[in-house]
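Data block below; observations after.
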Amino acid sequence: MPDRGPRPFRFDAEVSPGEKRHFKHEVGETYLGDPVEIPVTVVNGTRDGPRVFFSAAIHGDELNGVKVVQEVADRYDPADIHGTLVCLHVLNVPGFLAQQRYIPIYDQDLNRSFPGKSHSNTAERMASAIYRTFVSQCDLGVDFHTSTRNRTTMYHVRADMGNETVSRLARAFGANVVLSGESESGMLRSVATAAGTPTITVEMGKAHRFQRPLIDRALEGVESVLAEYGVRPDQPVTWPGWRKVIDSAAEKTWLRADSGGLVDMEWGPYPLVHEGDTICTVSDHFRTEERVVTAPFTGLIVGILENPLAQPGHPLCHLVRLDGETTRAVENEIERGDAGGYRADGLRWSGDGEAE
Ligand SMILES: [Zn+2]
């Protein structure tokens, strides 16, 4: 990036080079006519460099990223960076207040509403305000998510690896597993990427929790991204030890329950399963009937049910096929006792200290 000298970050106000400012920015109004405001921190470096946004809680109950963004906003000062950090702490404020995924009460998905329109529905108006004011001014971005409630997800990145600028960003973040693919229309990452702001999604753990080991990994990922793009030029870019990019054509499937009842998870502790392995059983209350759910192919469990009740059709497990080479790499990692990407602190990957 050519050195233009440090620039002010302008919206309806201005954050000068060398300044760090915390503020709330209005993106809508409540039924009472009060402002709906998102908390924002802009850290404008004393030296020029890229503008990077970090966003969380676009789904209101996905909290791990909220903690990541809080700590990013706290950790870096203008003298530490070349460029600008734009920390969007909570995007879906109405959902955050209600601790639910979508914008109440009509359940609009903010992450299907970008770039938004200023004269459309609530979600699109919010999206438009966020997008125009902040995202469109940035050179790259990282959007933090978790699984939806009652499930958990392995720590991984989602990114369109066919796009070179996105691939560079995804690699710099340093996750072991990258699920490649274009996203659905209206998603922040696809819209921003198409408009020239390469953006990745980080999926980490479960909703409604702060999971410290995952948050720490994500902070390392942020540091690595800042190093890669010269925002923190003296820092190293992280290499995670191994990396698997699972392309969009790879076989992946949600295994679903065929009967209602109680679910006992049998997999683990690592989310690598071989074809035919038992993943879980579903039994009725009298244990007269028990269905065994097995892996249809060798692969990684990237998402799993946590609330242990199921009815027919209920998703139990999101499984992605691994080729032989990657399977062996993962097995070696496990044998070395080095599979930190899977389970933090010696537990399953949930990473929040809960014994399972
Ligand atoms: Zn989400």
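Ordering of the structure tokens sets the chain letters (A, B, ...), residue numbers begin anew at 1 in every chain, and ligands are numbered from 1 in the order given.
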Enumerate, in order of chain and increasing residue number, the residues of chain A with an atom no farther than 12 Å from ligand 1, each with its shortest atom pair and distance in Å to one decimal, counting only C-alpha atoms and all ligand atoms, as CSV.
```
residue,atom,partner,partner_atom_place_in_ligand_line,distance
A:Ser55,CA,ligand 1,1 (Zn),11.1
A:Ala56,CA,ligand 1,1 (Zn),8.7
A:Ala57,CA,ligand 1,1 (Zn),7.2
A:Ile58,CA,ligand 1,1 (Zn),6.5
A:His59,CA,ligand 1,1 (Zn),4.9
A:Gly60,CA,ligand 1,1 (Zn),8.2
A:Asp61,CA,ligand 1,1 (Zn),8.4
A:Glu62,CA,ligand 1,1 (Zn),6.4
A:Leu63,CA,ligand 1,1 (Zn),9.7
A:Asn64,CA,ligand 1,1 (Zn),10.7
A:Gly65,CA,ligand 1,1 (Zn),9.9
A:Val66,CA,ligand 1,1 (Zn),11.9
A:Leu91,CA,ligand 1,1 (Zn),11.3
A:Asn92,CA,ligand 1,1 (Zn),10.7
A:Gly95,CA,ligand 1,1 (Zn),11.7
A:Gln100,CA,ligand 1,1 (Zn),10.7
A:Arg101,CA,ligand 1,1 (Zn),7.5
A:Tyr102,CA,ligand 1,1 (Zn),9.5
A:Asp109,CA,ligand 1,1 (Zn),9.6
A:Leu110,CA,ligand 1,1 (Zn),9.7
A:Asn111,CA,ligand 1,1 (Zn),7.8
A:Arg112,CA,ligand 1,1 (Zn),10.7
A:Asp143,CA,ligand 1,1 (Zn),9.0
A:Phe144,CA,ligand 1,1 (Zn),7.5
A:His145,CA,ligand 1,1 (Zn),4.3
A:Thr146,CA,ligand 1,1 (Zn),5.5
A:Ser147,CA,ligand 1,1 (Zn),6.4
A:Thr148,CA,ligand 1,1 (Zn),6.7
A:Arg149,CA,ligand 1,1 (Zn),10.0
A:Arg151,CA,ligand 1,1 (Zn),11.9
A:Thr152,CA,ligand 1,1 (Zn),11.5
A:Thr153,CA,ligand 1,1 (Zn),10.8
A:Arg158,CA,ligand 1,1 (Zn),11.4
A:Met187,CA,ligand 1,1 (Zn),10.2
A:Leu188,CA,ligand 1,1 (Zn),10.8
A:Arg189,CA,ligand 1,1 (Zn),11.6
A:Thr201,CA,ligand 1,1 (Zn),8.9
A:Val202,CA,ligand 1,1 (Zn),9.2
A:Glu203,CA,ligand 1,1 (Zn),7.7
A:Met204,CA,ligand 1,1 (Zn),9.6
A:Gly205,CA,ligand 1,1 (Zn),10.7
A:Lys206,CA,ligand 1,1 (Zn),9.9
A:Ala207,CA,ligand 1,1 (Zn),8.8
A:His208,CA,ligand 1,1 (Zn),11.8
```
Using only C-alpha atoms, the shortest atom-to-atom distance to Val293 in chain A among A:Ile105, A:Val36, A:Ile200, A:Val273 belongs to A:Val273
Please provide the set of residues having any atom within 8 Å of Gly230 in chain A, restricted to only C-alpha atoms, with same-chain residues fewer than 6 positions apart removed, written as a PDB file with C-alpha atoms, in the first residue's frame.
```
ATOM      1  CA  GLY A  49      -1.511   1.637   6.694  1.00  0.00           C
ATOM      2  CA  PRO A  50      -4.579  -0.441   5.946  1.00  0.00           C
ATOM      3  CA  HIS A  82       0.293   1.483  10.981  1.00  0.00           C
TER       4      HIS A  82
END
```
Check: From the set A:Val222, A:Leu97, A:Ile130, A:Leu309, which residue has the shortest atom-to-atom contact distance to Ala73 in chain A, counting only C-alpha atoms?
Finding: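 When distances to Ala73 in chain A are compared using only C-alpha atoms, the smallest one comes from A:Val222.
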message = Set the distance at 9 Å and use only C-alpha atoms: which residues neighbour Pro233 in chain A once local chain neighbours fewer than 5 positions away are removed? I'd like the list as a ChimeraX atom specification.
response = /A:81-82,226-228
Residues just named, written with N, CA and C atoms as a compact mmCIF listing (two decimals), in the first residue's frame:
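File again_28.txt, as written:
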```
# COMPACT_ATOMS: atom_id res chain seq x y z
N ILE A 81 0.34 0.97 15.88
CA ILE A 81 -0.14 0.44 14.58
C ILE A 81 0.12 1.40 13.42
N HIS A 82 0.25 0.76 12.25
CA HIS A 82 0.29 1.48 10.98
C HIS A 82 -1.08 1.26 10.34
N LEU A 226 -2.71 -8.65 11.49
CA LEU A 226 -2.13 -7.31 11.54
C LEU A 226 -0.66 -7.34 11.11
N ALA A 227 0.03 -8.44 11.44
CA ALA A 227 1.42 -8.58 11.01
C ALA A 227 1.50 -8.74 9.49
N GLU A 228 0.65 -9.62 8.96
CA GLU A 228 0.67 -9.90 7.52
C GLU A 228 0.46 -8.64 6.68
```
* Find the distance between CA of Gln70 in chain A and CA of His89 in chain A and write it in Å to one decimal. =>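 Straight-line distance from CA of Gln70 in chain A to CA of His89 in chain A works out to 6.6 Å.
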Among range 53-147 of chain A, which ones does DSSP assign to helix (DSSP H, G or I) (computed from the backbone)? Answer as a compact mmCIF listing (two decimals) with C-alpha atoms, in the first residue's frame.
```txt
# COMPACT_ATOMS: atom_id res chain seq x y z
CA ASN A 64 -17.19 -15.02 21.81
CA GLY A 65 -16.45 -12.43 19.13
CA VAL A 66 -17.79 -9.62 21.32
CA LYS A 67 -15.06 -10.42 23.82
CA VAL A 68 -12.46 -10.64 21.05
CA VAL A 69 -13.43 -7.22 19.70
CA GLN A 70 -13.46 -5.69 23.20
CA GLU A 71 -9.92 -6.91 23.77
CA VAL A 72 -8.69 -5.80 20.34
CA ALA A 73 -10.12 -2.33 21.02
CA ASP A 74 -8.43 -2.28 24.41
CA ARG A 75 -5.10 -3.77 23.43
CA PRO A 78 -2.41 4.54 17.87
CA ALA A 79 1.35 4.42 18.49
CA ASP A 80 1.30 0.60 18.08
CA VAL A 93 -27.90 -4.49 19.02
CA PRO A 94 -31.62 -5.40 19.19
CA GLY A 95 -30.77 -9.11 19.00
CA PHE A 96 -27.98 -8.66 21.53
CA LEU A 97 -30.37 -7.03 24.01
CA ALA A 98 -32.82 -9.91 23.60
CA LEU A 110 -28.91 -8.97 9.73
CA ASN A 111 -26.35 -11.20 8.03
CA ARG A 112 -28.58 -11.60 4.97
CA THR A 122 -35.38 -2.53 9.59
CA ALA A 123 -32.57 -5.01 8.95
CA GLU A 124 -31.61 -3.46 5.62
CA ARG A 125 -31.61 0.02 7.07
CA MET A 126 -29.33 -1.07 9.89
CA ALA A 127 -27.10 -2.93 7.46
CA SER A 128 -26.94 0.10 5.21
CA ALA A 129 -25.92 2.43 8.03
CA ILE A 130 -23.21 0.03 9.21
CA TYR A 131 -21.96 -0.73 5.73
CA ARG A 132 -21.78 2.82 4.39
CA THR A 133 -20.32 4.34 7.51
CA VAL A 135 -17.25 -1.34 6.35
CA SER A 136 -17.02 0.39 2.97
CA GLN A 137 -14.13 2.52 4.27
```
Requested in this report: May I have all residues of range 48-228 of chain A that DSSP, computed from the backbone, assigns to strand (DSSP E), given as JSON, numbers by chain?
Outcome: {"A": [48, 49, 50, 51, 52, 53, 54, 55, 56, 82, 83, 84, 85, 86, 87, 88, 140, 141, 142, 143, 144, 145, 151, 152, 153, 154, 155, 156, 157, 158, 159, 177, 178, 179, 180, 199, 200, 201, 202, 203, 204, 205]}
Quick one: write out the picked residues with C-alpha atoms as a PDB file, in the first residue's frame?
```pdb
ATOM      1  CA  ASP A  48      -0.423   5.153   7.571  1.00  0.00           C
ATOM      2  CA  GLY A  49      -1.511   1.637   6.694  1.00  0.00           C
ATOM      3  CA  PRO A  50      -4.579  -0.441   5.946  1.00  0.00           C
ATOM      4  CA  ARG A  51      -7.937   0.014   7.592  1.00  0.00           C
ATOM      5  CA  VAL A  52      -9.147  -3.206   9.152  1.00  0.00           C
ATOM      6  CA  PHE A  53     -12.599  -3.830  10.598  1.00  0.00           C
ATOM      7  CA  PHE A  54     -13.464  -6.410  13.238  1.00  0.00           C
ATOM      8  CA  SER A  55     -17.142  -7.115  13.848  1.00  0.00           C
ATOM      9  CA  ALA A  56     -19.154  -9.289  16.222  1.00  0.00           C
ATOM     10  CA  HIS A  82       0.293   1.483  10.981  1.00  0.00           C
ATOM     11  CA  GLY A  83      -3.235   2.086   9.746  1.00  0.00           C
ATOM     12  CA  THR A  84      -6.617   2.035  11.409  1.00  0.00           C
ATOM     13  CA  LEU A  85      -8.607  -0.517  13.405  1.00  0.00           C
ATOM     14  CA  VAL A  86     -12.368  -0.193  13.220  1.00  0.00           C
ATOM     15  CA  CYS A  87     -13.889  -2.285  16.021  1.00  0.00           C
ATOM     16  CA  LEU A  88     -17.617  -2.880  15.607  1.00  0.00           C
ATOM     17  CA  LEU A 140     -10.146  -5.870   4.932  1.00  0.00           C
ATOM     18  CA  GLY A 141     -12.303  -7.336   7.647  1.00  0.00           C
ATOM     19  CA  VAL A 142     -12.900 -10.197  10.054  1.00  0.00           C
ATOM     20  CA  ASP A 143     -16.435 -11.031  11.187  1.00  0.00           C
ATOM     21  CA  PHE A 144     -16.728 -13.233  14.304  1.00  0.00           C
ATOM     22  CA  HIS A 145     -19.466 -15.823  14.751  1.00  0.00           C
ATOM     23  CA  ARG A 151     -24.941 -26.486  19.107  1.00  0.00           C
ATOM     24  CA  THR A 152     -21.235 -25.885  19.065  1.00  0.00           C
ATOM     25  CA  THR A 153     -18.787 -25.482  16.245  1.00  0.00           C
ATOM     26  CA  MET A 154     -15.144 -26.275  15.822  1.00  0.00           C
ATOM     27  CA  TYR A 155     -12.838 -23.269  15.655  1.00  0.00           C
ATOM     28  CA  HIS A 156     -12.497 -22.579  11.928  1.00  0.00           C
ATOM     29  CA  VAL A 157     -12.499 -19.909   9.243  1.00  0.00           C
ATOM     30  CA  ARG A 158     -14.978 -19.592   6.411  1.00  0.00           C
ATOM     31  CA  ALA A 159     -13.719 -17.821   3.350  1.00  0.00           C
ATOM     32  CA  VAL A 177      -9.358 -25.556   9.186  1.00  0.00           C
ATOM     33  CA  VAL A 178     -10.756 -23.291   6.498  1.00  0.00           C
ATOM     34  CA  LEU A 179     -14.116 -24.099   4.946  1.00  0.00           C
ATOM     35  CA  SER A 180     -13.968 -22.553   1.525  1.00  0.00           C
ATOM     36  CA  THR A 199     -13.525 -10.359   4.529  1.00  0.00           C
ATOM     37  CA  ILE A 200     -13.496 -13.681   6.351  1.00  0.00           C
ATOM     38  CA  THR A 201     -15.790 -15.218   8.922  1.00  0.00           C
ATOM     39  CA  VAL A 202     -14.413 -16.875  12.046  1.00  0.00           C
ATOM     40  CA  GLU A 203     -16.607 -19.560  13.582  1.00  0.00           C
ATOM     41  CA  MET A 204     -15.805 -20.317  17.205  1.00  0.00           C
ATOM     42  CA  GLY A 205     -17.630 -22.429  19.749  1.00  0.00           C
TER      43      GLY A 205
END
```
Just the residues within 9 Å of Pro315 in chain A, please, counting only C-alpha atoms, with nothing from its chain fewer than 5 positions along; format it as a PyMOL selection string. chain A and resi 254-257+304-305+310
Please provide as a PyMOL selection string all residues within 8 Å of Leu319 in chain A, with the sequence filter that same-chain residues fewer than 6 positions apart are discarded (counting only C-alpha atoms).
-> chain A and resi 252-255+299-303
Keeping only C-alpha atoms, write the selected residues as a compact mmCIF listing (two decimals), in the first residue's frame.
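Generated output (result-v9.txt):
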```txt
# COMPACT_ATOMS: atom_id res chain seq x y z
CA LYS A 252 -20.29 -32.41 3.80
CA THR A 253 -23.48 -33.37 5.43
CA TRP A 254 -25.67 -32.73 8.42
CA LEU A 255 -26.48 -36.09 9.96
CA GLY A 299 -14.19 -36.86 8.25
CA LEU A 300 -14.16 -33.99 10.67
CA ILE A 301 -17.07 -33.09 12.88
CA VAL A 302 -17.24 -29.32 12.47
CA GLY A 303 -20.56 -28.78 14.20
```
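Rounded to one decimal, CA of Ser185 in chain A and CA of Phe9 in chain A lie 28.5 Å from each other.
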I'd like the neighbourhood of range 276-282 of chain A as an mmCIF file with C-alpha atoms, in the first residue's frame, where a residue qualifies if any of its atoms comes within 9 Å (using only C-alpha atoms), though same-chain residues fewer than 6 positions away should be ignored.
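Saved as around20.cif:
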```
data_model
loop_
_atom_site.group_PDB
_atom_site.id
_atom_site.type_symbol
_atom_site.label_atom_id
_atom_site.label_comp_id
_atom_site.auth_asym_id
_atom_site.auth_seq_id
_atom_site.Cartn_x
_atom_site.Cartn_y
_atom_site.Cartn_z
ATOM 1 C CA ALA A 257 -32.038 -37.887 13.729
ATOM 2 C CA ASP A 258 -34.519 -40.400 12.358
ATOM 3 C CA SER A 259 -36.265 -40.885 15.668
ATOM 4 C CA GLY A 260 -37.143 -38.720 18.624
ATOM 5 C CA GLY A 261 -35.533 -39.166 22.018
ATOM 6 C CA LEU A 262 -32.398 -38.703 24.064
ATOM 7 C CA VAL A 263 -29.038 -38.243 22.400
ATOM 8 C CA ASP A 264 -25.831 -39.674 23.849
ATOM 9 C CA MET A 265 -22.659 -38.486 22.141
ATOM 10 C CA GLU A 266 -20.119 -41.261 21.649
ATOM 11 C CA TRP A 267 -17.505 -39.575 19.464
ATOM 12 C CA GLY A 268 -14.359 -38.012 20.749
ATOM 13 C CA GLU A 289 -35.317 -48.685 21.069
ATOM 14 C CA GLU A 290 -31.871 -47.305 20.411
ATOM 15 C CA ARG A 291 -30.643 -45.980 17.080
ATOM 16 C CA VAL A 292 -26.945 -45.776 16.431
ATOM 17 C CA VAL A 293 -25.739 -42.942 14.214
ATOM 18 C CA THR A 294 -22.476 -43.776 12.456
ATOM 19 C CA ALA A 295 -20.109 -41.807 10.264
ATOM 20 C CA PRO A 296 -20.980 -42.389 6.596
ATOM 21 C CA PHE A 297 -17.399 -41.435 5.665
ATOM 22 C CA THR A 298 -14.136 -40.484 7.347
ATOM 23 C CA LEU A 309 -32.768 -33.984 22.695
ATOM 24 C CA ALA A 310 -33.803 -34.820 19.174
ATOM 25 C CA LEU A 316 -27.060 -33.951 15.131
ATOM 26 C CA CYS A 317 -23.694 -33.439 13.536
#
```
